[in-house]
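Data file: input_17.pdb. Format and content: PDB, C-alpha atoms.
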ATOM      1  CA  ASP A  19       5.719 -13.450  -7.444  1.00  0.00           C
ATOM      2  CA  SER A  20       4.005 -10.157  -8.284  1.00  0.00           C
ATOM      3  CA  GLY A  21       6.231  -9.454 -11.263  1.00  0.00           C
ATOM      4  CA  VAL A  22       7.511  -6.245  -9.692  1.00  0.00           C
ATOM      5  CA  THR A  23      11.208  -6.374  -8.917  1.00  0.00           C
ATOM      6  CA  GLN A  24      12.902  -4.180  -6.388  1.00  0.00           C
ATOM      7  CA  THR A  25      16.623  -4.005  -5.797  1.00  0.00           C
ATOM      8  CA  PRO A  26      18.384  -4.168  -3.508  1.00  0.00           C
ATOM      9  CA  LYS A  27      16.364  -6.120  -0.929  1.00  0.00           C
ATOM     10  CA  HIS A  28      18.399  -4.773   1.938  1.00  0.00           C
ATOM     11  CA  LEU A  29      20.552  -1.699   2.282  1.00  0.00           C
ATOM     12  CA  ILE A  30      22.546  -0.430   5.229  1.00  0.00           C
ATOM     13  CA  THR A  31      24.135   2.976   5.008  1.00  0.00           C
ATOM     14  CA  ALA A  32      25.357   5.799   7.196  1.00  0.00           C
ATOM     15  CA  THR A  33      23.689   9.092   7.957  1.00  0.00           C
ATOM     16  CA  GLY A  34      24.378  11.790   5.420  1.00  0.00           C
ATOM     17  CA  GLN A  35      24.776   9.326   2.582  1.00  0.00           C
ATOM     18  CA  ARG A  36      22.761   8.971  -0.609  1.00  0.00           C
ATOM     19  CA  VAL A  37      21.190   5.785  -1.943  1.00  0.00           C
ATOM     20  CA  THR A  38      19.213   4.759  -5.002  1.00  0.00           C
ATOM     21  CA  LEU A  39      16.432   2.209  -4.907  1.00  0.00           C
ATOM     22  CA  ARG A  40      15.386   0.593  -8.126  1.00  0.00           C
ATOM     23  CA  CYS A  41      12.066  -0.761  -9.295  1.00  0.00           C
ATOM     24  CA  SER A  42      11.191  -2.726 -12.417  1.00  0.00           C
ATOM     25  CA  PRO A  43       7.433  -2.791 -12.950  1.00  0.00           C
ATOM     26  CA  ARG A  44       5.433  -5.682 -14.340  1.00  0.00           C
ATOM     27  CA  SER A  45       5.631  -6.030 -18.072  1.00  0.00           C
ATOM     28  CA  GLY A  46       3.073  -3.713 -19.628  1.00  0.00           C
ATOM     29  CA  ASP A  47       2.448  -1.610 -16.530  1.00  0.00           C
ATOM     30  CA  LEU A  48       2.820   2.097 -17.113  1.00  0.00           C
ATOM     31  CA  SER A  49       2.370   3.372 -13.566  1.00  0.00           C
ATOM     32  CA  VAL A  50       4.906   3.096 -10.797  1.00  0.00           C
ATOM     33  CA  TYR A  51       4.193   4.111  -7.214  1.00  0.00           C
ATOM     34  CA  TRP A  52       6.603   4.478  -4.321  1.00  0.00           C
ATOM     35  CA  TYR A  53       5.568   3.942  -0.712  1.00  0.00           C
ATOM     36  CA  GLN A  54       7.407   4.162   2.569  1.00  0.00           C
ATOM     37  CA  GLN A  55       6.521   1.988   5.552  1.00  0.00           C
ATOM     38  CA  SER A  56       8.157   3.004   8.789  1.00  0.00           C
ATOM     39  CA  LEU A  57       7.863   1.044  12.015  1.00  0.00           C
ATOM     40  CA  ASP A  58       4.237   0.894  13.193  1.00  0.00           C
ATOM     41  CA  GLN A  59       3.167   3.127  10.345  1.00  0.00           C
ATOM     42  CA  GLY A  60       0.944   2.430   7.413  1.00  0.00           C
ATOM     43  CA  LEU A  61       2.165   2.709   3.890  1.00  0.00           C
ATOM     44  CA  GLN A  62       2.887   6.354   3.193  1.00  0.00           C
ATOM     45  CA  PHE A  63       2.457   7.346  -0.426  1.00  0.00           C
ATOM     46  CA  LEU A  64       5.497   9.117  -1.782  1.00  0.00           C
ATOM     47  CA  ILE A  65       5.106   9.586  -5.505  1.00  0.00           C
ATOM     48  CA  GLN A  66       3.590   8.140  -8.672  1.00  0.00           C
ATOM     49  CA  TYR A  67       4.867   8.137 -12.234  1.00  0.00           C
ATOM     50  CA  TYR A  68       2.821   7.285 -15.273  1.00  0.00           C
ATOM     51  CA  ASN A  69       4.553   6.582 -18.563  1.00  0.00           C
ATOM     52  CA  GLY A  70       7.581   8.618 -17.614  1.00  0.00           C
ATOM     53  CA  GLU A  71       5.798  11.607 -16.126  1.00  0.00           C
ATOM     54  CA  GLU A  72       5.190  12.514 -12.522  1.00  0.00           C
ATOM     55  CA  ARG A  73       1.501  11.968 -11.850  1.00  0.00           C
ATOM     56  CA  ALA A  74       0.899  12.420  -8.156  1.00  0.00           C
ATOM     57  CA  LYS A  75       2.950  13.454  -5.195  1.00  0.00           C
ATOM     58  CA  GLY A  76       2.434  12.544  -1.589  1.00  0.00           C
ATOM     59  CA  ASN A  77       4.477  13.138   1.521  1.00  0.00           C
ATOM     60  CA  ILE A  78       7.814  12.998  -0.206  1.00  0.00           C
ATOM     61  CA  LEU A  79      10.645  14.907   1.415  1.00  0.00           C
ATOM     62  CA  GLU A  80      12.694  17.368  -0.605  1.00  0.00           C
ATOM     63  CA  ARG A  81      15.734  15.167   0.069  1.00  0.00           C
ATOM     64  CA  PHE A  82      13.998  12.423  -1.897  1.00  0.00           C
ATOM     65  CA  SER A  83      13.499  12.356  -5.625  1.00  0.00           C
ATOM     66  CA  ALA A  84      12.361   9.840  -8.172  1.00  0.00           C
ATOM     67  CA  GLN A  85      12.169   9.335 -11.871  1.00  0.00           C
ATOM     68  CA  GLN A  86      10.790   6.885 -14.373  1.00  0.00           C
ATOM     69  CA  PHE A  87      12.921   6.038 -17.348  1.00  0.00           C
ATOM     70  CA  PRO A  88      11.874   5.336 -20.974  1.00  0.00           C
ATOM     71  CA  ASP A  89      11.998   1.595 -20.303  1.00  0.00           C
ATOM     72  CA  LEU A  90       9.532   2.304 -17.452  1.00  0.00           C
ATOM     73  CA  HIS A  91      11.773   1.246 -14.617  1.00  0.00           C
ATOM     74  CA  SER A  92      11.936   3.731 -11.773  1.00  0.00           C
ATOM     75  CA  GLU A  93      14.483   4.874  -9.260  1.00  0.00           C
ATOM     76  CA  LEU A  94      13.964   6.501  -5.898  1.00  0.00           C
ATOM     77  CA  ASN A  95      16.880   8.594  -4.744  1.00  0.00           C
ATOM     78  CA  LEU A  96      17.270   9.328  -1.066  1.00  0.00           C
ATOM     79  CA  SER A  97      19.927  11.821  -0.038  1.00  0.00           C
ATOM     80  CA  SER A  98      21.320  13.334   3.172  1.00  0.00           C
ATOM     81  CA  LEU A  99      19.973  10.286   4.918  1.00  0.00           C
ATOM     82  CA  GLU A 100      18.795  10.514   8.498  1.00  0.00           C
ATOM     83  CA  LEU A 101      18.138   7.791  11.044  1.00  0.00           C
ATOM     84  CA  GLY A 102      14.409   8.382  10.620  1.00  0.00           C
ATOM     85  CA  ASP A 103      14.602   7.413   6.965  1.00  0.00           C
ATOM     86  CA  SER A 104      15.079   3.803   7.993  1.00  0.00           C
ATOM     87  CA  ALA A 105      12.039   2.027   6.607  1.00  0.00           C
ATOM     88  CA  LEU A 106      10.695  -0.415   4.086  1.00  0.00           C
ATOM     89  CA  TYR A 107      10.312   1.184   0.690  1.00  0.00           C
ATOM     90  CA  PHE A 108       7.789  -0.428  -1.595  1.00  0.00           C
ATOM     91  CA  CYS A 109       7.294   0.022  -5.262  1.00  0.00           C
ATOM     92  CA  ALA A 110       4.016  -0.899  -6.941  1.00  0.00           C
ATOM     93  CA  SER A 111       2.948  -0.901 -10.542  1.00  0.00           C
ATOM     94  CA  SER A 112      -0.334  -0.930 -12.388  1.00  0.00           C
ATOM     95  CA  VAL A 113      -1.452  -0.854 -15.970  1.00  0.00           C
ATOM     96  CA  GLY A 114      -3.434   2.333 -15.726  1.00  0.00           C
ATOM     97  CA  ASP A 115      -3.295   5.625 -13.995  1.00  0.00           C
ATOM     98  CA  GLY A 116      -4.906   4.642 -10.728  1.00  0.00           C
ATOM     99  CA  LEU A 117      -4.034   2.254  -7.953  1.00  0.00           C
ATOM    100  CA  THR A 118      -6.824  -0.193  -8.591  1.00  0.00           C
ATOM    101  CA  GLU A 119      -5.217  -3.546  -8.983  1.00  0.00           C
ATOM    102  CA  ALA A 120      -1.642  -2.577  -8.353  1.00  0.00           C
ATOM    103  CA  PHE A 121       1.054  -5.116  -7.743  1.00  0.00           C
ATOM    104  CA  PHE A 122       3.664  -4.528  -5.113  1.00  0.00           C
ATOM    105  CA  GLY A 123       7.275  -5.567  -5.039  1.00  0.00           C
ATOM    106  CA  GLN A 124       8.826  -7.197  -1.998  1.00  0.00           C
ATOM    107  CA  GLY A 125      10.303  -3.932  -0.836  1.00  0.00           C
ATOM    108  CA  THR A 126      13.732  -2.606  -0.016  1.00  0.00           C
ATOM    109  CA  ARG A 127      14.602  -2.448   3.649  1.00  0.00           C
ATOM    110  CA  LEU A 128      16.753   0.582   4.257  1.00  0.00           C
ATOM    111  CA  THR A 129      18.635   0.879   7.512  1.00  0.00           C
ATOM    112  CA  VAL A 130      20.424   4.129   8.251  1.00  0.00           C
ATOM    113  CA  VAL A 131      23.040   3.880  10.995  1.00  0.00           C
TER     114      VAL A 131
ATOM    115  CA  ASP B  24      -2.232  13.264  10.099  1.00  0.00           C
ATOM    116  CA  GLN B  25      -3.572   9.754   9.575  1.00  0.00           C
ATOM    117  CA  GLN B  26      -6.560  10.056   7.253  1.00  0.00           C
ATOM    118  CA  VAL B  27      -7.170   6.328   7.204  1.00  0.00           C
ATOM    119  CA  LYS B  28      -7.200   4.532  10.524  1.00  0.00           C
ATOM    120  CA  GLN B  29      -7.237   0.900  11.481  1.00  0.00           C
ATOM    121  CA  ASN B  30      -7.701   1.028  15.207  1.00  0.00           C
ATOM    122  CA  SER B  31      -7.254  -2.671  15.865  1.00  0.00           C
ATOM    123  CA  PRO B  32      -3.609  -3.655  15.423  1.00  0.00           C
ATOM    124  CA  SER B  33      -4.467  -7.332  15.752  1.00  0.00           C
ATOM    125  CA  LEU B  34      -7.350  -9.759  15.588  1.00  0.00           C
ATOM    126  CA  SER B  35      -7.612 -13.483  16.356  1.00  0.00           C
ATOM    127  CA  VAL B  36     -10.400 -15.630  14.978  1.00  0.00           C
ATOM    128  CA  GLN B  37     -11.180 -19.345  15.029  1.00  0.00           C
ATOM    129  CA  GLU B  38     -11.019 -21.176  11.725  1.00  0.00           C
ATOM    130  CA  GLY B  39     -14.418 -21.281  10.077  1.00  0.00           C
ATOM    131  CA  ARG B  40     -15.718 -18.205  11.861  1.00  0.00           C
ATOM    132  CA  ILE B  41     -16.123 -14.724  10.457  1.00  0.00           C
ATOM    133  CA  SER B  42     -13.266 -12.207  10.524  1.00  0.00           C
ATOM    134  CA  ILE B  43     -14.262  -8.562  10.514  1.00  0.00           C
ATOM    135  CA  LEU B  44     -11.591  -5.974   9.906  1.00  0.00           C
ATOM    136  CA  ASN B  45     -12.471  -2.338  10.328  1.00  0.00           C
ATOM    137  CA  CYS B  46     -11.219   0.874   8.845  1.00  0.00           C
ATOM    138  CA  ASP B  47     -12.240   4.480   9.477  1.00  0.00           C
ATOM    139  CA  TYR B  48     -11.416   7.488   7.377  1.00  0.00           C
ATOM    140  CA  THR B  49     -11.728  11.228   7.779  1.00  0.00           C
ATOM    141  CA  ASN B  50     -11.714  12.620   4.248  1.00  0.00           C
ATOM    142  CA  SER B  51     -15.173  12.676   2.692  1.00  0.00           C
ATOM    143  CA  MET B  52     -13.592  13.222  -0.732  1.00  0.00           C
ATOM    144  CA  PHE B  53     -12.186   9.703  -0.889  1.00  0.00           C
ATOM    145  CA  ASP B  54     -13.829   8.005  -3.858  1.00  0.00           C
ATOM    146  CA  TYR B  55     -12.291   4.551  -3.980  1.00  0.00           C
ATOM    147  CA  PHE B  56     -11.290   2.093  -1.299  1.00  0.00           C
ATOM    148  CA  LEU B  57      -9.099  -0.970  -1.396  1.00  0.00           C
ATOM    149  CA  TRP B  58      -7.984  -3.763   0.883  1.00  0.00           C
ATOM    150  CA  TYR B  59      -4.543  -5.273   0.646  1.00  0.00           C
ATOM    151  CA  LYS B  60      -3.177  -8.353   2.310  1.00  0.00           C
ATOM    152  CA  LYS B  61       0.450  -8.684   3.284  1.00  0.00           C
ATOM    153  CA  TYR B  62       2.435 -11.739   4.273  1.00  0.00           C
ATOM    154  CA  PRO B  63       5.804 -11.347   6.011  1.00  0.00           C
ATOM    155  CA  ALA B  64       8.692 -10.587   3.664  1.00  0.00           C
ATOM    156  CA  GLU B  65       6.307  -9.947   0.775  1.00  0.00           C
ATOM    157  CA  GLY B  66       4.767  -6.846  -0.690  1.00  0.00           C
ATOM    158  CA  PRO B  67       1.060  -6.121  -0.188  1.00  0.00           C
ATOM    159  CA  THR B  68      -1.323  -7.977  -2.480  1.00  0.00           C
ATOM    160  CA  PHE B  69      -4.532  -6.449  -3.738  1.00  0.00           C
ATOM    161  CA  LEU B  70      -7.570  -8.191  -2.293  1.00  0.00           C
ATOM    162  CA  ILE B  71     -10.773  -6.323  -3.018  1.00  0.00           C
ATOM    163  CA  SER B  72     -11.985  -2.803  -3.713  1.00  0.00           C
ATOM    164  CA  ILE B  73     -15.131  -0.726  -3.624  1.00  0.00           C
ATOM    165  CA  SER B  74     -16.178   2.491  -5.257  1.00  0.00           C
ATOM    166  CA  SER B  75     -17.792   5.193  -3.169  1.00  0.00           C
ATOM    167  CA  ILE B  76     -20.988   4.839  -5.204  1.00  0.00           C
ATOM    168  CA  LYS B  77     -21.519   1.354  -3.799  1.00  0.00           C
ATOM    169  CA  ASP B  78     -22.043   0.090  -0.302  1.00  0.00           C
ATOM    170  CA  LYS B  79     -21.039  -3.547  -0.781  1.00  0.00           C
ATOM    171  CA  ASN B  80     -18.744  -5.580  -2.953  1.00  0.00           C
ATOM    172  CA  GLU B  81     -18.320  -9.308  -2.725  1.00  0.00           C
ATOM    173  CA  ASP B  82     -15.644 -11.626  -4.065  1.00  0.00           C
ATOM    174  CA  GLY B  83     -15.845 -15.203  -2.870  1.00  0.00           C
ATOM    175  CA  ARG B  84     -15.195 -15.340   0.852  1.00  0.00           C
ATOM    176  CA  PHE B  85     -14.377 -11.634   0.979  1.00  0.00           C
ATOM    177  CA  THR B  86     -16.946  -8.859   1.262  1.00  0.00           C
ATOM    178  CA  VAL B  87     -16.241  -5.185   1.713  1.00  0.00           C
ATOM    179  CA  PHE B  88     -18.874  -2.889   3.177  1.00  0.00           C
ATOM    180  CA  LEU B  89     -18.801   0.875   2.907  1.00  0.00           C
ATOM    181  CA  ASN B  90     -20.778   3.194   5.177  1.00  0.00           C
ATOM    182  CA  LYS B  91     -20.137   6.668   3.827  1.00  0.00           C
ATOM    183  CA  SER B  92     -22.170   8.502   6.426  1.00  0.00           C
ATOM    184  CA  ALA B  93     -20.067   6.920   9.154  1.00  0.00           C
ATOM    185  CA  LYS B  94     -16.879   7.093   7.070  1.00  0.00           C
ATOM    186  CA  HIS B  95     -16.368   3.454   7.855  1.00  0.00           C
ATOM    187  CA  LEU B  96     -15.152   0.525   5.806  1.00  0.00           C
ATOM    188  CA  SER B  97     -15.081  -3.108   6.813  1.00  0.00           C
ATOM    189  CA  LEU B  98     -13.792  -6.338   5.351  1.00  0.00           C
ATOM    190  CA  HIS B  99     -15.585  -9.571   6.161  1.00  0.00           C
ATOM    191  CA  ILE B 100     -13.919 -12.918   5.586  1.00  0.00           C
ATOM    192  CA  VAL B 101     -16.249 -15.916   5.795  1.00  0.00           C
ATOM    193  CA  PRO B 102     -15.289 -18.597   6.561  1.00  0.00           C
ATOM    194  CA  SER B 103     -11.857 -17.674   7.857  1.00  0.00           C
ATOM    195  CA  GLN B 104      -9.020 -20.024   6.991  1.00  0.00           C
ATOM    196  CA  PRO B 105      -5.521 -20.352   8.483  1.00  0.00           C
ATOM    197  CA  GLY B 106      -4.063 -19.128   5.184  1.00  0.00           C
ATOM    198  CA  ASP B 107      -5.853 -15.839   5.726  1.00  0.00           C
ATOM    199  CA  SER B 108      -3.456 -15.054   8.560  1.00  0.00           C
ATOM    200  CA  ALA B 109      -1.695 -11.906   7.383  1.00  0.00           C
ATOM    201  CA  VAL B 110      -1.634  -8.161   7.855  1.00  0.00           C
ATOM    202  CA  TYR B 111      -4.532  -6.386   6.162  1.00  0.00           C
ATOM    203  CA  PHE B 112      -4.275  -2.789   5.034  1.00  0.00           C
ATOM    204  CA  CYS B 113      -7.138  -0.628   3.941  1.00  0.00           C
ATOM    205  CA  ALA B 114      -6.458   2.206   1.540  1.00  0.00           C
ATOM    206  CA  ALA B 115      -8.437   5.130   0.183  1.00  0.00           C
ATOM    207  CA  ARG B 116      -8.004   7.236  -2.923  1.00  0.00           C
ATOM    208  CA  ALA B 117      -8.231  11.012  -2.938  1.00  0.00           C
ATOM    209  CA  SER B 118      -8.141  13.307  -5.916  1.00  0.00           C
ATOM    210  CA  GLY B 119      -4.923  13.357  -7.854  1.00  0.00           C
ATOM    211  CA  ASN B 120      -4.505   9.621  -7.472  1.00  0.00           C
ATOM    212  CA  GLN B 121      -3.101   9.915  -3.982  1.00  0.00           C
ATOM    213  CA  PHE B 122      -3.685   6.816  -1.944  1.00  0.00           C
ATOM    214  CA  TYR B 123      -3.700   6.752   1.825  1.00  0.00           C
ATOM    215  CA  PHE B 124      -3.123   3.529   3.716  1.00  0.00           C
ATOM    216  CA  GLY B 125      -4.051   2.543   7.230  1.00  0.00           C
ATOM    217  CA  THR B 126      -1.502   1.103   9.640  1.00  0.00           C
ATOM    218  CA  GLY B 127      -2.729  -2.440   9.171  1.00  0.00           C
ATOM    219  CA  THR B 128      -4.455  -5.120  11.223  1.00  0.00           C
ATOM    220  CA  SER B 129      -2.683  -8.397  11.841  1.00  0.00           C
ATOM    221  CA  LEU B 130      -5.180 -11.238  11.498  1.00  0.00           C
ATOM    222  CA  THR B 131      -4.471 -14.636  13.034  1.00  0.00           C
ATOM    223  CA  VAL B 132      -6.809 -17.476  12.157  1.00  0.00           C
ATOM    224  CA  ILE B 133      -6.510 -20.233  14.718  1.00  0.00           C
ATOM    225  CA  PRO B 134      -6.949 -23.780  13.385  1.00  0.00           C
TER     226      PRO B 134
END
Once you've parsed the file, please lay out its structure as structure tokens.
Amino acid sequence: DSGVTQTPKHLITATGQRVTLRCSPRSGDLSVYWYQQSLDQGLQFLIQYYNGEERAKGNILERFSAQQFPDLHSELNLSSLELGDSALYFCASSVGDGLTEAFFGQGTRLTVV
Amino acid sequence: DQQVKQNSPSLSVQEGRISILNCDYTNSMFDYFLWYKKYPAEGPTFLISISSIKDKNEDGRFTVFLNKSAKHLSLHIVPSQPGDSAVYFCAARASGNQFYFGTGTSLTVIP
């Protein structure tokens, strides 16, 4: 158990819908990272938050947004979903501002039908 | 554009032998490299890292080698054990704390 909790574990939704993925980082970790893993793809970095502020942005679509709340949990919002958004979405957390020894959650498997 | 590439999707090794996992990258500005290990139905787990100012880092059975001129990273596992069977991802850090992951190599250690 990495200490990073992601909910839900599985999500099936229709195209055009909007979903919210939630991540609770390890106790004491200030950074939260979101990654997307599509079939046969590596982990694609989406976005990082550090202590409530956006810190780095990767290949995140405009239809996607995220935030980190005062209690440090984070949510990834995916809207106007397309079939191609089906993927595993991982959240990771680390104490500091760099992915050195980050701990990953088990992921949320999103299926868009 | 895949800036970090793991060209071998899979690798099989006999128990006790050496496993060598390779990773190539294109961005010379990467300054930090990591290897993660992933079991099915679990998130990736940090394994070992190396700064671009070094060419080798060792942690028990795991050694990472960095060849900056060749833009090549490798992970050596000696001796390999059945419990090492997993998918291994290499990752590299660019400026702005953006991390780029490879597509992974599935290692099978045969008892």
Contacts between chain B and chain A, please, where a residue of chain A counts if it comes within 7 Å (with only C-alpha atoms); show its shortest atom pair and distance in Å to one decimal, rows by chain and ascending number, as CSV.
residue,atom,partner,partner_atom,distance
A:Asp58,CA,B:Thr126,CA,6.8
A:Gln59,CA,B:Thr126,CA,5.1
A:Gly60,CA,B:Thr126,CA,3.6
A:Leu61,CA,B:Phe124,CA,5.4
A:Gln62,CA,B:Phe124,CA,6.7
A:Phe63,CA,B:Phe122,CA,6.3
A:Ala74,CA,B:Gly119,CA,5.9
A:Gly76,CA,B:Gln121,CA,6.6
A:Gly116,CA,B:Asn120,CA,6.0
A:Glu119,CA,B:Phe69,CA,6.0
A:Ala120,CA,B:Phe69,CA,6.7
A:Phe121,CA,B:Thr68,CA,6.4
A:Phe122,CA,B:Gly66,CA,5.1
A:Gly123,CA,B:Gly66,CA,5.2
A:Gln124,CA,B:Gly66,CA,4.3
A:Gly125,CA,B:Gly66,CA,6.3
With the PyMOL selection byres ((chain A and resi 129) around 9) as the selection, what would be picked from this file? Answer as a PyMOL selection string, please. chain A and resi 28-32+101+103-106+127-128+130-131
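Pairwise distance (CA of Val87 in chain B, CA of Ile43 in chain B) equals 9.6 Å.
Neighbouring residues of Ser75 in chain B at 12 Å or closer, counting all atoms listed in the file and skipping chain neighbours under 4 positions away, are Ser51, Met52, Phe53, Asp54, Tyr55, Phe56, Leu57, Lys79, Asn80, Val87, Phe88, Leu89, Asn90, Lys91, Ser92, Lys94, His95, Leu96, Ala115, Arg116 and Ala117 of chain B.
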Take the selection from the previous step and output its residues with C-alpha atoms, as a CSV table (one decimal), in the coordinates of the input.
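And here's out.csv as it stands now:
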chain,number,residue,atom,x,y,z
B,51,SER,CA,-15.2,12.7,2.7
B,52,MET,CA,-13.6,13.2,-0.7
B,53,PHE,CA,-12.2,9.7,-0.9
B,54,ASP,CA,-13.8,8.0,-3.9
B,55,TYR,CA,-12.3,4.6,-4.0
B,56,PHE,CA,-11.3,2.1,-1.3
B,57,LEU,CA,-9.1,-1.0,-1.4
B,79,LYS,CA,-21.0,-3.5,-0.8
B,80,ASN,CA,-18.7,-5.6,-3.0
B,87,VAL,CA,-16.2,-5.2,1.7
B,88,PHE,CA,-18.9,-2.9,3.2
B,89,LEU,CA,-18.8,0.9,2.9
B,90,ASN,CA,-20.8,3.2,5.2
B,91,LYS,CA,-20.1,6.7,3.8
B,92,SER,CA,-22.2,8.5,6.4
B,94,LYS,CA,-16.9,7.1,7.1
B,95,HIS,CA,-16.4,3.5,7.9
B,96,LEU,CA,-15.2,0.5,5.8
B,115,ALA,CA,-8.4,5.1,0.2
B,116,ARG,CA,-8.0,7.2,-2.9
B,117,ALA,CA,-8.2,11.0,-2.9
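From CA of Arg36 in chain A back to CA of Asn69 in chain A, the distance works out to 25.7 Å.
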For the file shown, what are the residues hit by the PyMOL selection byres ((chain A and resi 66) around 9), laid out as an NGL selection string? (:A and (49-52 or 63-65 or 67-68 or 71-76 or 84)) or (:B and (120-121))
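Note that CA of Ile133 in chain B and CA of Tyr62 in chain B are 16.2 Å apart.
Residues with at least one atom no more than 6 Å from (5.6, 2.5, -18.8), using only C-alpha atoms, are A:Asp47, A:Leu48, A:Asn69, A:Leu90.
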Output file for the residues above (C-alpha atoms, as a CSV table (one decimal), in the coordinates of the input):
chain,number,residue,atom,x,y,z
A,47,ASP,CA,2.4,-1.6,-16.5
A,48,LEU,CA,2.8,2.1,-17.1
A,69,ASN,CA,4.6,6.6,-18.6
A,90,LEU,CA,9.5,2.3,-17.5
Contacts of Pro43 in chain A within 7 Å, all atoms listed in the file, excl. fewer than 5 positions in-chain, as number ranges by chain: A: 21-23, 50, 91, 111
Across A:Val113, A:Thr33, A:Gly102, A:Asn95, the smallest distance to Leu57 in chain A, with only C-alpha atoms counted, is shown by A:Gly102
Hey, can I get the axis-aligned box for range 41-53 of chain A? All listed atoms, 8 Å padding on each side, centre and edge lengths in Å to one decimal, as JSON.
{"center_x": 7.2, "center_y": -0.8, "center_z": -10.2, "size_x": 25.7, "size_y": 26.5, "size_z": 34.9}
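Residue neighbourhood of range 38-40 of chain A, excluding near-sequence residues (fewer than 4 positions): A:Gln24, A:Thr25, A:Ser92, A:Glu93, A:Leu94, A:Asn95, at 6 Å, using all atoms listed in the file.
Closest approach to Arg40 in chain B among B:Ser129, B:Ser74, B:Ser108, B:Ser103 is made by B:Ser103 (distances from only C-alpha atoms).
Proximity of A:Leu96, A:Pro26, A:Asp19, A:Ala110 to Arg81 in chain A, computed with all atoms listed in the file, is greatest for A:Leu96.
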